[in-house]
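The file coords.pdb contains PDB, C-alpha atoms, pLDDT in the B column:
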```pdb
ATOM      1  CA  MET X   1     -56.436-110.163 -13.693  1.00 89.00           C
ATOM      2  CA  ILE X   2     -53.489-108.733 -11.769  1.00 91.00           C
ATOM      3  CA  TYR X   3     -49.995-110.242 -11.911  1.00 90.00           C
ATOM      4  CA  LYS X   4     -46.504-109.267 -10.803  1.00 94.00           C
ATOM      5  CA  LEU X   5     -43.150-109.565 -12.558  1.00 95.00           C
ATOM      6  CA  TYR X   6     -39.646-108.813 -11.396  1.00 96.00           C
ATOM      7  CA  ASP X   7     -37.729-106.114 -13.220  1.00 97.00           C
ATOM      8  CA  LEU X   8     -34.254-107.363 -14.103  1.00 98.00           C
ATOM      9  CA  ARG X   9     -30.762-106.065 -14.776  1.00 98.00           C
ATOM     10  CA  VAL X  10     -28.483-108.225 -16.935  1.00 98.00           C
ATOM     11  CA  THR X  11     -24.774-107.354 -16.946  1.00 97.00           C
ATOM     12  CA  THR X  12     -21.701-108.900 -18.520  1.00 97.00           C
ATOM     13  CA  CYS X  13     -19.246-110.301 -15.983  1.00 97.00           C
ATOM     14  CA  GLY X  14     -16.197-112.551 -15.872  1.00 94.00           C
ATOM     15  CA  ASP X  15     -12.547-112.213 -16.808  1.00 93.00           C
ATOM     16  CA  GLU X  16     -12.224-110.048 -19.941  1.00 90.00           C
ATOM     17  CA  LYS X  17      -9.061-111.937 -20.868  1.00 92.00           C
ATOM     18  CA  GLN X  18     -11.253-114.996 -21.478  1.00 94.00           C
ATOM     19  CA  PHE X  19     -13.859-113.223 -23.642  1.00 95.00           C
ATOM     20  CA  ASN X  20     -13.917-114.620 -27.168  1.00 92.00           C
ATOM     21  CA  CYS X  21     -16.872-112.529 -28.314  1.00 94.00           C
ATOM     22  CA  SER X  22     -17.527-108.772 -28.476  1.00 94.00           C
ATOM     23  CA  HIS X  23     -18.804-108.537 -24.878  1.00 96.00           C
ATOM     24  CA  ILE X  24     -17.693-105.643 -22.681  1.00 95.00           C
ATOM     25  CA  LEU X  25     -17.434-106.089 -18.930  1.00 95.00           C
ATOM     26  CA  GLY X  26     -20.236-104.325 -17.035  1.00 96.00           C
ATOM     27  CA  GLN X  27     -22.372-103.575 -20.062  1.00 96.00           C
ATOM     28  CA  GLY X  28     -25.907-104.918 -20.333  1.00 97.00           C
ATOM     29  CA  PHE X  29     -29.575-104.084 -20.224  1.00 98.00           C
ATOM     30  CA  GLU X  30     -32.662-103.884 -18.014  1.00 98.00           C
ATOM     31  CA  VAL X  31     -35.957-105.664 -18.516  1.00 97.00           C
ATOM     32  CA  ARG X  32     -39.155-104.038 -17.250  1.00 96.00           C
ATOM     33  CA  GLY X  33     -42.237-105.994 -18.178  1.00 93.00           C
ATOM     34  CA  GLU X  34     -41.875-106.770 -21.873  1.00 92.00           C
ATOM     35  CA  ASN X  35     -39.417-103.944 -22.573  1.00 95.00           C
ATOM     36  CA  ILE X  36     -35.626-104.087 -22.806  1.00 96.00           C
ATOM     37  CA  SER X  37     -33.411-101.008 -22.528  1.00 97.00           C
ATOM     38  CA  PHE X  38     -29.628-100.704 -22.508  1.00 97.00           C
ATOM     39  CA  ILE X  39     -28.038 -99.563 -19.259  1.00 96.00           C
ATOM     40  CA  GLU X  40     -25.918 -96.408 -19.320  1.00 94.00           C
ATOM     41  CA  GLY X  41     -22.637 -96.927 -21.162  1.00 93.00           C
ATOM     42  CA  THR X  42     -23.871 -99.861 -23.237  1.00 94.00           C
ATOM     43  CA  GLU X  43     -23.636 -99.215 -26.957  1.00 92.00           C
ATOM     44  CA  TYR X  44     -24.439-102.714 -28.162  1.00 92.00           C
ATOM     45  CA  PHE X  45     -25.185-106.252 -26.982  1.00 94.00           C
ATOM     46  CA  SER X  46     -24.699-109.501 -28.899  1.00 94.00           C
ATOM     47  CA  HIS X  47     -27.972-110.771 -30.369  1.00 94.00           C
ATOM     48  CA  TYR X  48     -26.657-114.350 -30.057  1.00 94.00           C
ATOM     49  CA  ALA X  49     -26.181-113.860 -26.313  1.00 95.00           C
ATOM     50  CA  LEU X  50     -29.556-112.112 -26.039  1.00 95.00           C
ATOM     51  CA  ALA X  51     -31.314-114.985 -27.817  1.00 95.00           C
ATOM     52  CA  SER X  52     -29.767-117.526 -25.453  1.00 94.00           C
ATOM     53  CA  LEU X  53     -30.714-115.437 -22.391  1.00 96.00           C
ATOM     54  CA  MET X  54     -34.396-114.912 -23.289  1.00 95.00           C
ATOM     55  CA  PRO X  55     -35.754-118.153 -21.725  1.00 94.00           C
ATOM     56  CA  PHE X  56     -33.898-117.380 -18.482  1.00 94.00           C
ATOM     57  CA  ILE X  57     -35.116-113.783 -18.466  1.00 95.00           C
ATOM     58  CA  ALA X  58     -38.752-114.869 -18.737  1.00 93.00           C
ATOM     59  CA  ALA X  59     -38.250-117.394 -15.928  1.00 94.00           C
ATOM     60  CA  LYS X  60     -36.417-114.908 -13.651  1.00 95.00           C
ATOM     61  CA  GLN X  61     -39.248-112.382 -14.042  1.00 95.00           C
ATOM     62  CA  ARG X  62     -41.670-114.747 -12.323  1.00 93.00           C
ATOM     63  CA  VAL X  63     -41.930-115.727  -8.669  1.00 91.00           C
ATOM     64  CA  THR X  64     -40.042-118.951  -7.976  1.00 89.00           C
ATOM     65  CA  ASP X  65     -39.798-121.241  -4.986  1.00 89.00           C
ATOM     66  CA  SER X  66     -36.564-120.991  -2.991  1.00 89.00           C
ATOM     67  CA  ALA X  67     -35.881-124.666  -3.788  1.00 90.00           C
ATOM     68  CA  ASP X  68     -36.107-123.997  -7.544  1.00 89.00           C
ATOM     69  CA  TRP X  69     -32.660-123.563  -9.146  1.00 88.00           C
ATOM     70  CA  MET X  70     -33.976-120.526 -11.016  1.00 85.00           C
ATOM     71  CA  PHE X  71     -34.427-118.781  -7.650  1.00 85.00           C
ATOM     72  CA  TYR X  72     -30.744-118.879  -6.718  1.00 87.00           C
ATOM     73  CA  GLU X  73     -28.934-119.223 -10.060  1.00 89.00           C
ATOM     74  CA  ASP X  74     -27.971-115.778 -11.318  1.00 91.00           C
ATOM     75  CA  SER X  75     -25.116-116.318 -13.777  1.00 94.00           C
ATOM     76  CA  ILE X  76     -25.550-117.650 -17.316  1.00 95.00           C
ATOM     77  CA  ALA X  77     -22.642-118.533 -19.634  1.00 95.00           C
ATOM     78  CA  CYS X  78     -22.126-117.039 -23.067  1.00 96.00           C
ATOM     79  CA  PRO X  79     -23.524-119.405 -25.725  1.00 95.00           C
ATOM     80  CA  ASP X  80     -20.089-119.557 -27.399  1.00 95.00           C
ATOM     81  CA  PRO X  81     -18.324-122.485 -25.683  1.00 93.00           C
ATOM     82  CA  LEU X  82     -14.933-120.815 -26.280  1.00 94.00           C
ATOM     83  CA  CYS X  83     -15.954-117.570 -24.556  1.00 95.00           C
ATOM     84  CA  GLY X  84     -15.501-117.045 -20.823  1.00 95.00           C
ATOM     85  CA  ALA X  85     -18.121-114.310 -20.485  1.00 97.00           C
ATOM     86  CA  ARG X  86     -21.048-114.751 -18.135  1.00 97.00           C
ATOM     87  CA  PHE X  87     -24.219-112.739 -17.735  1.00 97.00           C
ATOM     88  CA  LYS X  88     -25.447-111.866 -14.255  1.00 97.00           C
ATOM     89  CA  ILE X  89     -29.232-111.589 -13.925  1.00 97.00           C
ATOM     90  CA  GLU X  90     -30.387-109.533 -10.934  1.00 97.00           C
ATOM     91  CA  ARG X  91     -33.920-108.891  -9.735  1.00 96.00           C
ATOM     92  CA  ILE X  92     -34.001-105.132  -9.104  1.00 96.00           C
ATOM     93  CA  SER X  93     -37.672-104.456  -8.313  1.00 96.00           C
ATOM     94  CA  ARG X  94     -41.150-105.871  -8.748  1.00 95.00           C
ATOM     95  CA  SER X  95     -43.904-104.361 -10.880  1.00 94.00           C
ATOM     96  CA  THR X  96     -47.647-105.019 -10.971  1.00 93.00           C
ATOM     97  CA  TYR X  97     -49.538-105.388 -14.238  1.00 91.00           C
ATOM     98  CA  GLU X  98     -53.223-105.804 -15.007  1.00 90.00           C
ATOM     99  CA  TYR X  99     -55.069-107.485 -17.845  1.00 82.00           C
ATOM    100  CA  GLY X 100     -58.407-105.946 -18.739  1.00 73.00           C
ATOM    101  CA  ASP X 101     -61.540-108.083 -19.044  1.00 60.00           C
ATOM    102  CA  ALA X 102     -61.588-109.744 -22.461  1.00 54.00           C
TER
END
```
Starting from the file, give its structure as structure tokens.
Amino acid sequence: MIYKLYDLRVTTCGDEKQFNCSHILGQGFEVRGENISFIEGTEYFSHYALASLMPFIAAKQRVTDSADWMFYEDSIACPDPLCGARFKIERISRSTYEYGDA
């Protein structure tokens, strides 16, 4: 079985003056298939933010209809309600994967 997933880039955005957590503007990671890697210049990323982003990452990797909010929504708020950070999720490419016969 052959299937396709979007590769993603997730970056921290917003007004740094409103950040309540340890986020750093412009830092983030890329997702290719099941693998996550930090983008250049990123030393760390909050595991609380990562945990809250995971359901959106899985959804953004898949093809969505243009009427589906997941198609056009690309900015997710920090899970801390007092923090002004947002995380931009961009589709950067599309990769093809194949399952072998089981």
Around (-32.1, -107.9, -19.9) in the file's own coordinates, what residues are found within 10 Å if you use only C-alpha atoms, given back as an MDAnalysis selection string?
-> chainID X and resid 7:11 28:32 35:39 50 53:54 56:58 87:90
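With distances taken over all atoms listed in the file, X:Ser22 is the one residue among X:Pro55, X:Ser22, X:Ile92, X:Gly41 lying closest to Asp80 of chain X.
Comparing X:Arg94, X:Ser66, X:Gln27, X:Gly100 by their smallest distance to Thr12 of chain X, the closest is X:Gln27 (using all atoms listed in the file).
Proximity to Met1 of chain X at 9 Å, evaluated using all atoms listed in the file and with sequence-adjacent residues fewer than 6 positions away removed, yields Tyr97, Glu98, Tyr99, Gly100 and Asp101 of chain X.
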List as a CSV table (one decimal) with C-alpha atoms, keeping the file's coordinate frame the protein and nucleic acid residues near Cys78 of chain X, meaning an atom at most 9 Å away when only C-alpha atoms are counted, but skip any in the same chain fewer than 6 places from it.
```csv
chain,number,residue,atom,x,y,z
X,21,CYS,CA,-16.9,-112.5,-28.3
X,48,TYR,CA,-26.7,-114.4,-30.1
X,49,ALA,CA,-26.2,-113.9,-26.3
X,52,SER,CA,-29.8,-117.5,-25.5
X,53,LEU,CA,-30.7,-115.4,-22.4
X,84,GLY,CA,-15.5,-117.0,-20.8
X,85,ALA,CA,-18.1,-114.3,-20.5
X,86,ARG,CA,-21.0,-114.8,-18.1
X,87,PHE,CA,-24.2,-112.7,-17.7
```
Would you write out, as a ChimeraX atom specification, every residue that the PyMOL selection byres ((chain X and resi 96) around 6) captures in this file?
-> /X:3-4,95,97
Could you jot down the atom CA of Thr64 of chain X to atom CA of Arg91 of chain X separation for me, Å, one decimal place?
-> 11.9 Å
Find the distance between atom CA of Ser75 of chain X and atom CA of Cys13 of chain X and write it in Å to one decimal.
-> 8.7 Å
Using the incomplete input, complete segment 44-68 of chain X to the level of N, CA, C and O atoms; output as a PDB file, in the frame of the given file.
```
ATOM      1  N   TYR X  44     -23.926-101.570 -27.419  1.00 92.00           N
ATOM      2  CA  TYR X  44     -24.439-102.714 -28.162  1.00 92.00           C
ATOM      3  C   TYR X  44     -24.421-103.942 -27.270  1.00 92.00           C
ATOM      4  O   TYR X  44     -23.793-103.951 -26.213  1.00 92.00           O
ATOM      5  N   PHE X  45     -25.132-104.986 -27.704  1.00 94.00           N
ATOM      6  CA  PHE X  45     -25.185-106.252 -26.982  1.00 94.00           C
ATOM      7  C   PHE X  45     -25.394-107.347 -28.018  1.00 94.00           C
ATOM      8  O   PHE X  45     -26.234-107.218 -28.910  1.00 94.00           O
ATOM      9  N   SER X  46     -24.645-108.410 -27.927  1.00 94.00           N
ATOM     10  CA  SER X  46     -24.699-109.501 -28.899  1.00 94.00           C
ATOM     11  C   SER X  46     -26.109-110.097 -29.004  1.00 94.00           C
ATOM     12  O   SER X  46     -26.697-110.496 -28.003  1.00 94.00           O
ATOM     13  N   HIS X  47     -26.633-110.177 -30.207  1.00 94.00           N
ATOM     14  CA  HIS X  47     -27.972-110.771 -30.369  1.00 94.00           C
ATOM     15  C   HIS X  47     -27.925-112.281 -30.152  1.00 94.00           C
ATOM     16  O   HIS X  47     -28.929-112.888 -29.791  1.00 94.00           O
ATOM     17  N   TYR X  48     -26.775-112.916 -30.348  1.00 94.00           N
ATOM     18  CA  TYR X  48     -26.657-114.350 -30.057  1.00 94.00           C
ATOM     19  C   TYR X  48     -26.780-114.581 -28.542  1.00 94.00           C
ATOM     20  O   TYR X  48     -27.481-115.489 -28.099  1.00 94.00           O
ATOM     21  N   ALA X  49     -26.091-113.749 -27.772  1.00 95.00           N
ATOM     22  CA  ALA X  49     -26.181-113.860 -26.313  1.00 95.00           C
ATOM     23  C   ALA X  49     -27.607-113.536 -25.850  1.00 95.00           C
ATOM     24  O   ALA X  49     -28.162-114.236 -25.006  1.00 95.00           O
ATOM     25  N   LEU X  50     -28.195-112.490 -26.411  1.00 95.00           N
ATOM     26  CA  LEU X  50     -29.556-112.112 -26.039  1.00 95.00           C
ATOM     27  C   LEU X  50     -30.535-113.243 -26.312  1.00 95.00           C
ATOM     28  O   LEU X  50     -31.368-113.580 -25.468  1.00 95.00           O
ATOM     29  N   ALA X  51     -30.413-113.874 -27.467  1.00 95.00           N
ATOM     30  CA  ALA X  51     -31.314-114.985 -27.817  1.00 95.00           C
ATOM     31  C   ALA X  51     -31.177-116.139 -26.832  1.00 95.00           C
ATOM     32  O   ALA X  51     -32.173-116.763 -26.446  1.00 95.00           O
ATOM     33  N   SER X  52     -29.955-116.416 -26.392  1.00 94.00           N
ATOM     34  CA  SER X  52     -29.767-117.526 -25.453  1.00 94.00           C
ATOM     35  C   SER X  52     -30.245-117.161 -24.045  1.00 94.00           C
ATOM     36  O   SER X  52     -30.595-118.043 -23.261  1.00 94.00           O
ATOM     37  N   LEU X  53     -30.276-115.876 -23.719  1.00 96.00           N
ATOM     38  CA  LEU X  53     -30.714-115.437 -22.391  1.00 96.00           C
ATOM     39  C   LEU X  53     -32.238-115.339 -22.249  1.00 96.00           C
ATOM     40  O   LEU X  53     -32.757-115.398 -21.131  1.00 96.00           O
ATOM     41  N   MET X  54     -32.949-115.178 -23.350  1.00 95.00           N
ATOM     42  CA  MET X  54     -34.396-114.912 -23.289  1.00 95.00           C
ATOM     43  C   MET X  54     -35.191-115.923 -22.455  1.00 95.00           C
ATOM     44  O   MET X  54     -36.028-115.505 -21.650  1.00 95.00           O
ATOM     45  N   PRO X  55     -34.975-117.235 -22.573  1.00 94.00           N
ATOM     46  CA  PRO X  55     -35.754-118.153 -21.725  1.00 94.00           C
ATOM     47  C   PRO X  55     -35.481-117.948 -20.226  1.00 94.00           C
ATOM     48  O   PRO X  55     -36.381-118.076 -19.399  1.00 94.00           O
ATOM     49  N   PHE X  56     -34.241-117.610 -19.883  1.00 94.00           N
ATOM     50  CA  PHE X  56     -33.898-117.380 -18.482  1.00 94.00           C
ATOM     51  C   PHE X  56     -34.505-116.072 -17.977  1.00 94.00           C
ATOM     52  O   PHE X  56     -34.937-115.981 -16.834  1.00 94.00           O
ATOM     53  N   ILE X  57     -34.535-115.071 -18.841  1.00 95.00           N
ATOM     54  CA  ILE X  57     -35.116-113.783 -18.466  1.00 95.00           C
ATOM     55  C   ILE X  57     -36.596-113.955 -18.132  1.00 95.00           C
ATOM     56  O   ILE X  57     -37.069-113.480 -17.103  1.00 95.00           O
ATOM     57  N   ALA X  58     -37.321-114.646 -18.995  1.00 93.00           N
ATOM     58  CA  ALA X  58     -38.752-114.869 -18.737  1.00 93.00           C
ATOM     59  C   ALA X  58     -38.964-115.630 -17.431  1.00 93.00           C
ATOM     60  O   ALA X  58     -39.869-115.317 -16.657  1.00 93.00           O
ATOM     61  N   ALA X  59     -38.120-116.612 -17.162  1.00 94.00           N
ATOM     62  CA  ALA X  59     -38.250-117.394 -15.928  1.00 94.00           C
ATOM     63  C   ALA X  59     -37.887-116.560 -14.703  1.00 94.00           C
ATOM     64  O   ALA X  59     -38.539-116.663 -13.657  1.00 94.00           O
ATOM     65  N   LYS X  60     -36.850-115.725 -14.797  1.00 95.00           N
ATOM     66  CA  LYS X  60     -36.417-114.908 -13.651  1.00 95.00           C
ATOM     67  C   LYS X  60     -37.412-113.800 -13.339  1.00 95.00           C
ATOM     68  O   LYS X  60     -37.437-113.287 -12.227  1.00 95.00           O
ATOM     69  N   GLN X  61     -38.244-113.418 -14.297  1.00 95.00           N
ATOM     70  CA  GLN X  61     -39.248-112.382 -14.042  1.00 95.00           C
ATOM     71  C   GLN X  61     -40.372-112.891 -13.138  1.00 95.00           C
ATOM     72  O   GLN X  61     -41.025-112.107 -12.488  1.00 95.00           O
ATOM     73  N   ARG X  62     -40.568-114.178 -13.090  1.00 93.00           N
ATOM     74  CA  ARG X  62     -41.670-114.747 -12.323  1.00 93.00           C
ATOM     75  C   ARG X  62     -41.231-115.167 -10.922  1.00 93.00           C
ATOM     76  O   ARG X  62     -40.054-115.428 -10.680  1.00 93.00           O
ATOM     77  N   VAL X  63     -42.191-115.254 -10.028  1.00 91.00           N
ATOM     78  CA  VAL X  63     -41.930-115.727  -8.669  1.00 91.00           C
ATOM     79  C   VAL X  63     -41.537-117.192  -8.742  1.00 91.00           C
ATOM     80  O   VAL X  63     -42.166-117.975  -9.457  1.00 91.00           O
ATOM     81  N   THR X  64     -40.481-117.559  -8.013  1.00 89.00           N
ATOM     82  CA  THR X  64     -40.042-118.951  -7.976  1.00 89.00           C
ATOM     83  C   THR X  64     -39.860-119.391  -6.534  1.00 89.00           C
ATOM     84  O   THR X  64     -39.596-118.576  -5.645  1.00 89.00           O
ATOM     85  N   ASP X  65     -40.005-120.666  -6.309  1.00 89.00           N
ATOM     86  CA  ASP X  65     -39.798-121.241  -4.986  1.00 89.00           C
ATOM     87  C   ASP X  65     -38.308-121.219  -4.651  1.00 89.00           C
ATOM     88  O   ASP X  65     -37.465-121.367  -5.540  1.00 89.00           O
ATOM     89  N   SER X  66     -37.971-121.057  -3.391  1.00 89.00           N
ATOM     90  CA  SER X  66     -36.564-120.991  -2.991  1.00 89.00           C
ATOM     91  C   SER X  66     -35.809-122.291  -3.269  1.00 89.00           C
ATOM     92  O   SER X  66     -34.576-122.301  -3.321  1.00 89.00           O
ATOM     93  N   ALA X  67     -36.520-123.389  -3.466  1.00 90.00           N
ATOM     94  CA  ALA X  67     -35.881-124.666  -3.788  1.00 90.00           C
ATOM     95  C   ALA X  67     -35.660-124.831  -5.301  1.00 90.00           C
ATOM     96  O   ALA X  67     -34.967-125.739  -5.725  1.00 90.00           O
ATOM     97  N   ASP X  68     -36.241-123.954  -6.092  1.00 89.00           N
ATOM     98  CA  ASP X  68     -36.107-123.997  -7.544  1.00 89.00           C
ATOM     99  C   ASP X  68     -34.749-123.400  -7.924  1.00 89.00           C
ATOM    100  O   ASP X  68     -34.395-122.317  -7.466  1.00 89.00           O
TER     101      ASP X  68
END
```
